[in-house]
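Taking it in order: structure first as structure tokens, then the write-up.
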Amino acid sequence: MALSKGVDDISVPIGQWSEKLYDVYSSRMEKRQPEEFWMNVLAHLSGIGEAIRKTHYDDLIYHASHALSWMICYVGKCNSNDDQFFHITNNLTELVGLKYPTECGHCEKRPCLCDAIGMDEVSDKAAKYGNLYNKWTWHIKDNDFTINKWMEVFKDIYGGRIHLQTMDSLGFHLLEEGGEEARAIRQLVRFRDEIELGNGIEEGFLSRLDNIDSLVTEYKQASKNIIKKEIDYPGGKKKEVVDVTVNTSDQIKYRIALCKMDLVIELADTFSWFCAVVLKLNMILNNHNFYKGIKSNYDLERRLKKEYSFKNKDGNLKCSFCKKSDCKCCYI
Ligand SMILES: [Zn+2]
Ligand SMILES: [Zn+2]
């Protein structure tokens, strides 16, 4: 059923989506760990991958809307839980905005002017995050963009590159980034399961990692002081990696700080490539008269509203499956 024009025109800040989805799934969310939320994101990203392979745009936008809702709930879980390894006070917009403060997180330009080969070789990330953080405080902090606002931002930064790349290539990159967030999560899970608080890792330290402001400072310290080791790399090259055989409490703290920053940055990268895929879908549809009458079906926020029965800005959402405002689905 088509949504009325008024409802379609309301663009909801991502923070509000988070609150509304939490209301539907709160009983489910409380029992889940953050990593379980990300597994659901990955399940839908793989659905996007399959939809790209089959050129099945209905499936693509379906999985995109559910991947996004799980991404929003994942951050909501990290915001609300008391697991200090994963706890973070910033919303999705603020986390994405650290890497993308309305410009490219690599060349710091809008539109992006990156030299892709040189970009992969940049090693001083601490200095880069320091610069990005200064921009973040001006453009992002305490802000809560809507989904469409982020789409516009990424279109301005990467529109030219998205135009040149194929959907397959964008989809590959999206899956790469989703896996990198899973890797960051895996590392934090290991710390959570094996590090005893009070054993040199005090709660005060972990609480300094739970917000962008002090995380950037701790990350800077950690990247300066972490002990690294040179290892052989294919092609006779050497590569410096963190020496994971050192287990003093200071070094473990530095590793945790680096991993927490990875969690933020890889989430931002996943979100940016996710937006790139949705933008590419819309570019493809714009080029085909055939889709003209049904193009609005592929608008991500509209689709999200449809999936979760969004009726008005202040109303409740309903579960996409059981259609209840307090989800009654079993074993989801
Ligand atoms: Zn760039
Ligand atoms: Zn349900």
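Following the order of the structure tokens, first chain is A, next is B, and so on, with residues numbered from 1 inside each chain and ligands from 1 in the order they appear.
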Residues near region 320-331 of chain A, anyone? I mean within 12 Å using only C-alpha atoms, not counting same-chain ones fewer than 2 positions away, as a short mmCIF file (atom, residue, chain, number, x, y, z; two decimals) with N, CA and C atoms, in the first residue's frame.
```cif
data_model
loop_
_atom_site.label_atom_id
_atom_site.label_comp_id
_atom_site.auth_asym_id
_atom_site.auth_seq_id
_atom_site.Cartn_x
_atom_site.Cartn_y
_atom_site.Cartn_z
N LYS A 20 12.82 4.65 18.02
CA LYS A 20 11.58 3.98 17.61
C LYS A 20 11.80 2.48 17.41
N LEU A 21 12.93 2.12 16.79
CA LEU A 21 13.20 0.69 16.60
C LEU A 21 13.43 0.01 17.94
N TYR A 22 14.07 0.75 18.86
CA TYR A 22 14.32 0.18 20.18
C TYR A 22 13.00 -0.14 20.89
N ASP A 23 12.00 0.74 20.71
CA ASP A 23 10.70 0.50 21.33
C ASP A 23 10.08 -0.81 20.83
N VAL A 24 10.27 -1.10 19.54
CA VAL A 24 9.68 -2.34 18.98
C VAL A 24 10.41 -3.57 19.49
N TYR A 25 11.74 -3.47 19.56
CA TYR A 25 12.54 -4.67 19.80
C TYR A 25 13.26 -4.68 21.15
N SER A 26 12.81 -3.83 22.09
CA SER A 26 13.59 -3.70 23.33
C SER A 26 13.77 -5.02 24.07
N SER A 27 12.72 -5.84 24.13
CA SER A 27 12.87 -7.09 24.89
C SER A 27 13.88 -8.00 24.19
N ARG A 28 13.93 -7.95 22.85
CA ARG A 28 14.92 -8.76 22.11
C ARG A 28 16.32 -8.18 22.29
N MET A 29 16.39 -6.85 22.27
CA MET A 29 17.70 -6.19 22.28
C MET A 29 18.43 -6.40 23.60
N LYS A 31 18.57 -8.91 25.48
CA LYS A 31 19.18 -10.24 25.63
C LYS A 31 20.36 -10.45 24.68
N ARG A 32 20.49 -9.59 23.70
CA ARG A 32 21.53 -9.81 22.68
C ARG A 32 22.83 -9.06 22.99
N TYR A 62 15.16 -4.18 -0.26
CA TYR A 62 14.64 -4.87 0.94
C TYR A 62 15.78 -5.13 1.94
N SER A 65 17.19 -1.93 3.53
CA SER A 65 16.41 -1.34 4.62
C SER A 65 16.63 -2.12 5.92
N HIS A 66 16.74 -3.45 5.82
CA HIS A 66 16.95 -4.24 7.04
C HIS A 66 18.39 -4.16 7.54
N SER A 69 18.46 -0.94 9.43
CA SER A 69 17.79 -0.96 10.73
C SER A 69 18.63 -1.73 11.75
N ARG A 303 11.38 3.11 1.99
CA ARG A 303 11.28 1.67 2.15
C ARG A 303 11.35 1.27 3.62
N LEU A 304 12.21 1.96 4.37
CA LEU A 304 12.32 1.70 5.80
C LEU A 304 10.99 1.99 6.49
N LYS A 305 10.35 3.10 6.09
CA LYS A 305 9.05 3.45 6.66
C LYS A 305 8.01 2.37 6.36
N LYS A 306 8.07 1.87 5.13
CA LYS A 306 7.11 0.85 4.72
C LYS A 306 7.33 -0.45 5.50
N GLU A 307 8.59 -0.86 5.63
CA GLU A 307 8.91 -2.11 6.33
C GLU A 307 8.44 -2.07 7.78
N TYR A 308 8.57 -0.90 8.41
CA TYR A 308 8.27 -0.81 9.85
C TYR A 308 7.00 -0.01 10.12
N SER A 309 6.12 0.08 9.12
CA SER A 309 4.79 0.69 9.28
C SER A 309 4.83 2.07 9.92
N PHE A 310 5.71 2.91 9.40
CA PHE A 310 5.82 4.28 9.90
C PHE A 310 4.59 5.07 9.43
N GLY A 315 4.47 8.64 15.99
CA GLY A 315 3.84 7.35 16.24
C GLY A 315 4.86 6.23 16.41
N ASN A 316 4.34 5.07 16.85
CA ASN A 316 5.19 3.90 17.02
C ASN A 316 5.44 3.21 15.69
N LEU A 317 6.53 2.48 15.64
CA LEU A 317 6.76 1.59 14.51
C LEU A 317 6.19 0.22 14.86
N LYS A 318 6.10 -0.64 13.83
CA LYS A 318 5.69 -2.02 14.07
C LYS A 318 6.73 -2.96 13.47
#
```
Contact table chain A vs ligand 1, cut-off 12 Å, shortest pair per residue, only C-alpha atoms and all ligand atoms, as CSV:
```
residue,atom,partner,partner_atom_place_in_ligand_line,distance
A:Lys99,CA,ligand 1,1 (Zn),11.3
A:Tyr100,CA,ligand 1,1 (Zn),10.1
A:Thr102,CA,ligand 1,1 (Zn),11.5
A:Glu103,CA,ligand 1,1 (Zn),7.9
A:Cys104,CA,ligand 1,1 (Zn),4.6
A:Gly105,CA,ligand 1,1 (Zn),6.5
A:His106,CA,ligand 1,1 (Zn),4.9
A:Cys107,CA,ligand 1,1 (Zn),4.0
A:Glu108,CA,ligand 1,1 (Zn),6.1
A:Lys109,CA,ligand 1,1 (Zn),6.0
A:Arg110,CA,ligand 1,1 (Zn),7.6
A:Pro111,CA,ligand 1,1 (Zn),7.3
A:Cys112,CA,ligand 1,1 (Zn),3.7
A:Leu113,CA,ligand 1,1 (Zn),4.7
A:Cys114,CA,ligand 1,1 (Zn),3.7
A:Asp115,CA,ligand 1,1 (Zn),7.4
A:Ala116,CA,ligand 1,1 (Zn),8.1
A:Ile117,CA,ligand 1,1 (Zn),11.4
A:Gly118,CA,ligand 1,1 (Zn),10.8
A:Met119,CA,ligand 1,1 (Zn),8.4
A:Asp120,CA,ligand 1,1 (Zn),11.5
A:Phe154,CA,ligand 1,1 (Zn),11.3
A:Asp156,CA,ligand 1,1 (Zn),11.5
A:Ile157,CA,ligand 1,1 (Zn),7.8
A:Tyr158,CA,ligand 1,1 (Zn),8.0
A:Gly159,CA,ligand 1,1 (Zn),11.6
A:Gly160,CA,ligand 1,1 (Zn),11.3
A:Arg161,CA,ligand 1,1 (Zn),9.9
```
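Comparing A:Asp232, A:Lys280, A:Asn199, A:Leu188 by their smallest distance to Gln84 (chain A), the closest is A:Leu188 (using only C-alpha atoms).
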* Coordinates-based distance that separates CA of Glu240 (chain A) from CA of Ile212 (chain A) (Å, one decimal) -> 26.4 Å
* Using backbone DSSP assignments, extract all strand (DSSP E or B) residues from region 117-246 of chain A; output them as a list in words. =>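 The residues of region 117-246 of chain A classed as strand (DSSP E or B) are Thr146, Lys228, Lys229, Glu230, Ile231, Asp232, Tyr233, Lys237, Lys238, Lys239, Glu240, Val241 and Val242 of chain A.
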For those residues, write C-alpha atoms to a file as a compact mmCIF listing (two decimals), in the first residue's frame.
```txt
# COMPACT_ATOMS: atom_id res chain seq x y z
CA THR A 146 18.55 12.01 8.47
CA LYS A 228 55.29 -3.06 17.22
CA LYS A 229 57.18 -5.82 15.54
CA GLU A 230 58.52 -6.05 12.00
CA ILE A 231 57.36 -9.10 10.09
CA ASP A 232 58.19 -10.41 6.63
CA TYR A 233 55.68 -9.58 3.99
CA LYS A 237 58.89 -6.34 2.03
CA LYS A 238 58.70 -5.75 5.77
CA LYS A 239 55.58 -4.76 7.63
CA GLU A 240 55.14 -3.35 11.13
CA VAL A 241 52.38 -4.94 13.17
CA VAL A 242 51.32 -4.73 16.84
```
* Please give the complete set of residues from region 37-270 of chain A that DSSP, run on the backbone, assigns to helix (DSSP H, G or I), formatted as a PyMOL selection string. => chain A and resi 37-53+57-80+92-99+116-119+125-139+147-164+167-194+203-208+212-225+249-270
* **Straight-line distance linking CA of Gly97 (chain A) with CA of Phe172 (chain A), stated in Å to one decimal** =>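 The value is 22.7 Å.
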* Any idea what's packed within 8 Å of Leu209 (chain A), counting only C-alpha atoms, ignoring anything in its chain fewer than 5 positions away? Could you give it as a list of chain:residue names? -> A:Ile88, A:Ser214, A:Leu215, A:Glu218, A:Ala257, A:Lys260
* Please provide as a list of chain:residue names all residues within 12 Å of Val246 (chain A), with the sequence filter that same-chain residues fewer than 6 positions apart are discarded (counting only C-alpha atoms). =>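 Once the adjacent positions are removed, what remains is A:Ile226, A:Ile227, A:Lys228, A:Lys229, A:Ile252, A:Lys253, A:Tyr254, A:Arg255.
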* Name all residues at most 9 Å from region 41-57 of chain A (count only C-alpha atoms; drop same-chain ones fewer than 2 positions away) and give them as an MDAnalysis selection string. => chainID A and resid 36:39 59:71 74 167:168 171:172 174:175 178:179 182 274 281 298
* To do: Skip Asn79 (chain A) itself and residues of its chain fewer than 4 positions away, then list as a PyMOL selection string all residues within 10 Å of it, counting only C-alpha atoms.
  => chain A and resi 73-75+83+86-92+210-211
* To do: Please measure the separation of CA of Asp262 (chain A) and CA of Pro13 (chain A), giving the value in Å to one decimal.
  =>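 These atoms are spaced 24.9 Å apart.
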* To do: Can you work out which one of A:Ile201, A:Val12, A:Ala184, A:Cys319 has the shortest atom-to-atom distance to ligand 2, counting only C-alpha atoms and all ligand atoms?
  =>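 Distance minimum relative to ligand 2 lands on A:Cys319.
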* Between A:Val216, A:Gly235, A:Asp250, A:Leu197, which has the minimum distance to Lys128 (chain A) (counting only C-alpha atoms)? ->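 Ranking A:Val216, A:Gly235, A:Asp250, A:Leu197 by distance to Lys128 (chain A), first place goes to A:Val216.
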